[in-house]
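Here is the structure we will look at, set down as structure tokens.
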Amino acid sequence: TLWGAKGVVGKLFNCLEDWREVAEDVSGRALPCGHFLPEEQPEMTLAEVQTFLARHPMR
């Protein structure tokens with residue numbers, strides 16, 4: 001999961017812990033931006049998604 005460190009999501013929720021209540025393998029982090037990650041931090045968002053996909057190849 002990804003969220004913006006300056007956005008409302010990270011302030012209202014414990015993103016990783018909340019997802020761990022309903023999923024087994026959870027990873028993620030806050031990026032230095034607000035709510036719209038791809039617009040505010042496009043390179044970082046892309047890098048995080050590419051890293052995630054490389055670790056979880058299609059079955």
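As shown in the structure tokens, the chain order sets the letters A, B, ...; within each chain, residues go from 1, and ligands are also counted from 1 in the order they appear.
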Open item on the list: With only C-alpha atoms as the counted atoms, please give the residues lying no more than 12 Å from Ala47 in chain A, apart from itself and same-chain residues fewer than 5 positions off, as an NGL selection string.
Closed with: :A and (2 or 31 or 37-38 or 41-42 or 52-54)
- [ ] Work out how far apart CA of His35 in chain A and CA of Ala23 in chain A are and give it in Å to one decimal.
- [x] 22.9 Å
Task: Val26 in chain A surroundings by only C-alpha atoms, 9 Å radius, close-in-sequence under 6 positions cut, as a list in words - done: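 Counting only the stated atoms, we get Thr1, Leu16, Glu17, Trp19 and Arg20 of chain A.
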- [ ] Extract, using only C-alpha atoms, all DNA, RNA and protein residues at most 6 Å from Ala30 in chain A, discarding same-chain residues fewer than 2 positions from it, and format them as a ChimeraX atom specification.
- [x] /A:2-5
Could you turn the residues from that selection into a file that holds N, CA and C atoms, as an mmCIF file, in the first residue's frame?
data_model
loop_
_atom_site.group_PDB
_atom_site.id
_atom_site.type_symbol
_atom_site.label_atom_id
_atom_site.label_comp_id
_atom_site.auth_asym_id
_atom_site.auth_seq_id
_atom_site.Cartn_x
_atom_site.Cartn_y
_atom_site.Cartn_z
ATOM 1 N N LEU A 2 0.449 2.246 -0.690
ATOM 2 C CA LEU A 2 1.158 3.524 -0.726
ATOM 3 C C LEU A 2 0.184 4.623 -0.345
ATOM 4 N N TRP A 3 0.689 5.612 0.357
ATOM 5 C CA TRP A 3 -0.130 6.760 0.724
ATOM 6 C C TRP A 3 0.775 7.974 0.847
ATOM 7 N N GLY A 4 0.175 9.127 0.792
ATOM 8 C CA GLY A 4 0.924 10.372 0.894
ATOM 9 C C GLY A 4 1.138 10.774 2.342
ATOM 10 N N ALA A 5 2.364 11.053 2.703
ATOM 11 C CA ALA A 5 2.692 11.430 4.080
ATOM 12 C C ALA A 5 2.010 12.730 4.499
#
TODO: Please report, as a list in words, each residue of chain A to which DSSP assigns alpha helix (DSSP H) when run on this structure's backbone.
DONE: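 Residues of chain A classed as alpha helix (DSSP H): Val8, Val9, Gly10, Lys11, Leu12, Cys15, Leu16, Glu17, Asp18, Trp19, Arg20, Leu37, Pro38, Glu39, Glu40, Pro42, Glu43, Met44, Thr45, Leu46, Ala47, Glu48, Val49, Gln50, Thr51, Phe52, Leu53, Ala54 and Arg55 of chain A.
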Can you write just those residues out, N, CA and C atoms, as an mmCIF file, in the first residue's frame?
data_model
loop_
_atom_site.group_PDB
_atom_site.id
_atom_site.type_symbol
_atom_site.label_atom_id
_atom_site.label_comp_id
_atom_site.auth_asym_id
_atom_site.auth_seq_id
_atom_site.Cartn_x
_atom_site.Cartn_y
_atom_site.Cartn_z
ATOM 1 N N VAL A 8 -4.473 13.128 3.984
ATOM 2 C CA VAL A 8 -5.385 12.796 5.073
ATOM 3 C C VAL A 8 -5.363 11.298 5.408
ATOM 4 N N VAL A 9 -5.080 10.447 4.450
ATOM 5 C CA VAL A 9 -5.126 8.998 4.687
ATOM 6 C C VAL A 9 -4.165 8.588 5.796
ATOM 7 N N GLY A 10 -2.926 9.033 5.717
ATOM 8 C CA GLY A 10 -1.947 8.688 6.740
ATOM 9 C C GLY A 10 -2.241 9.288 8.098
ATOM 10 N N LYS A 11 -3.007 10.364 8.109
ATOM 11 C CA LYS A 11 -3.367 11.001 9.374
ATOM 12 C C LYS A 11 -4.545 10.305 10.045
ATOM 13 N N LEU A 12 -5.435 9.749 9.241
ATOM 14 C CA LEU A 12 -6.640 9.123 9.787
ATOM 15 C C LEU A 12 -6.508 7.621 10.006
ATOM 16 N N CYS A 15 -2.150 2.756 7.963
ATOM 17 C CA CYS A 15 -2.348 2.042 6.703
ATOM 18 C C CYS A 15 -1.853 0.602 6.724
ATOM 19 N N LEU A 16 -0.631 0.382 7.147
ATOM 20 C CA LEU A 16 -0.101 -0.980 7.133
ATOM 21 C C LEU A 16 -0.845 -1.882 8.109
ATOM 22 N N GLU A 17 -1.071 -1.420 9.310
ATOM 23 C CA GLU A 17 -1.768 -2.247 10.301
ATOM 24 C C GLU A 17 -3.205 -2.524 9.887
ATOM 25 N N ASP A 18 -3.870 -1.543 9.331
ATOM 26 C CA ASP A 18 -5.248 -1.751 8.879
ATOM 27 C C ASP A 18 -5.307 -2.818 7.795
ATOM 28 N N TRP A 19 -4.394 -2.777 6.834
ATOM 29 C CA TRP A 19 -4.379 -3.790 5.781
ATOM 30 C C TRP A 19 -3.966 -5.153 6.324
ATOM 31 N N ARG A 20 -3.104 -5.182 7.315
ATOM 32 C CA ARG A 20 -2.676 -6.468 7.885
ATOM 33 C C ARG A 20 -3.811 -7.188 8.605
ATOM 34 N N LEU A 37 -0.635 10.676 -5.361
ATOM 35 C CA LEU A 37 0.736 10.202 -5.505
ATOM 36 C C LEU A 37 1.253 10.255 -6.940
ATOM 37 N N PRO A 38 0.532 9.697 -7.935
ATOM 38 C CA PRO A 38 1.071 9.699 -9.299
ATOM 39 C C PRO A 38 1.282 11.096 -9.876
ATOM 40 N N GLU A 39 0.498 12.053 -9.421
ATOM 41 C CA GLU A 39 0.662 13.419 -9.921
ATOM 42 C C GLU A 39 1.760 14.167 -9.171
ATOM 43 N N GLU A 40 1.845 13.947 -7.865
ATOM 44 C CA GLU A 40 2.781 14.704 -7.037
ATOM 45 C C GLU A 40 4.179 14.093 -7.001
ATOM 46 N N PRO A 42 5.443 11.299 -9.365
ATOM 47 C CA PRO A 42 5.309 10.252 -10.380
ATOM 48 C C PRO A 42 6.482 9.275 -10.432
ATOM 49 N N GLU A 43 7.698 9.771 -10.316
ATOM 50 C CA GLU A 43 8.855 8.874 -10.401
ATOM 51 C C GLU A 43 8.908 7.930 -9.203
ATOM 52 N N MET A 44 8.647 8.451 -8.017
ATOM 53 C CA MET A 44 8.669 7.609 -6.815
ATOM 54 C C MET A 44 7.542 6.580 -6.847
ATOM 55 N N THR A 45 6.370 7.007 -7.294
ATOM 56 C CA THR A 45 5.237 6.087 -7.379
ATOM 57 C C THR A 45 5.554 4.963 -8.356
ATOM 58 N N LEU A 46 6.072 5.309 -9.513
ATOM 59 C CA LEU A 46 6.443 4.304 -10.504
ATOM 60 C C LEU A 46 7.487 3.347 -9.951
ATOM 61 N N ALA A 47 8.500 3.864 -9.291
ATOM 62 C CA ALA A 47 9.555 3.014 -8.730
ATOM 63 C C ALA A 47 8.990 2.048 -7.697
ATOM 64 N N GLU A 48 8.096 2.514 -6.847
ATOM 65 C CA GLU A 48 7.495 1.640 -5.830
ATOM 66 C C GLU A 48 6.646 0.552 -6.477
ATOM 67 N N VAL A 49 5.865 0.908 -7.488
ATOM 68 C CA VAL A 49 5.023 -0.080 -8.167
ATOM 69 C C VAL A 49 5.894 -1.093 -8.906
ATOM 70 N N GLN A 50 6.936 -0.638 -9.575
ATOM 71 C CA GLN A 50 7.832 -1.556 -10.279
ATOM 72 C C GLN A 50 8.527 -2.508 -9.309
ATOM 73 N N THR A 51 8.964 -2.007 -8.171
ATOM 74 C CA THR A 51 9.597 -2.856 -7.163
ATOM 75 C C THR A 51 8.619 -3.903 -6.657
ATOM 76 N N PHE A 52 7.399 -3.484 -6.382
ATOM 77 C CA PHE A 52 6.376 -4.418 -5.915
ATOM 78 C C PHE A 52 6.114 -5.501 -6.960
ATOM 79 N N LEU A 53 5.933 -5.109 -8.207
ATOM 80 C CA LEU A 53 5.644 -6.082 -9.261
ATOM 81 C C LEU A 53 6.815 -7.031 -9.495
ATOM 82 N N ALA A 54 8.037 -6.553 -9.357
ATOM 83 C CA ALA A 54 9.206 -7.420 -9.520
ATOM 84 C C ALA A 54 9.266 -8.479 -8.421
ATOM 85 N N ARG A 55 8.795 -8.142 -7.239
ATOM 86 C CA ARG A 55 8.794 -9.088 -6.120
ATOM 87 C C ARG A 55 7.628 -10.070 -6.187
#
Open item on the list: Nearest residue to Gly7 in chain A out of A:Val22, A:Ser27, A:His56, A:Cys33, using only C-alpha atoms?
Closed with: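 Ranked by minimum distance to Gly7 in chain A, first place goes to A:Cys33.
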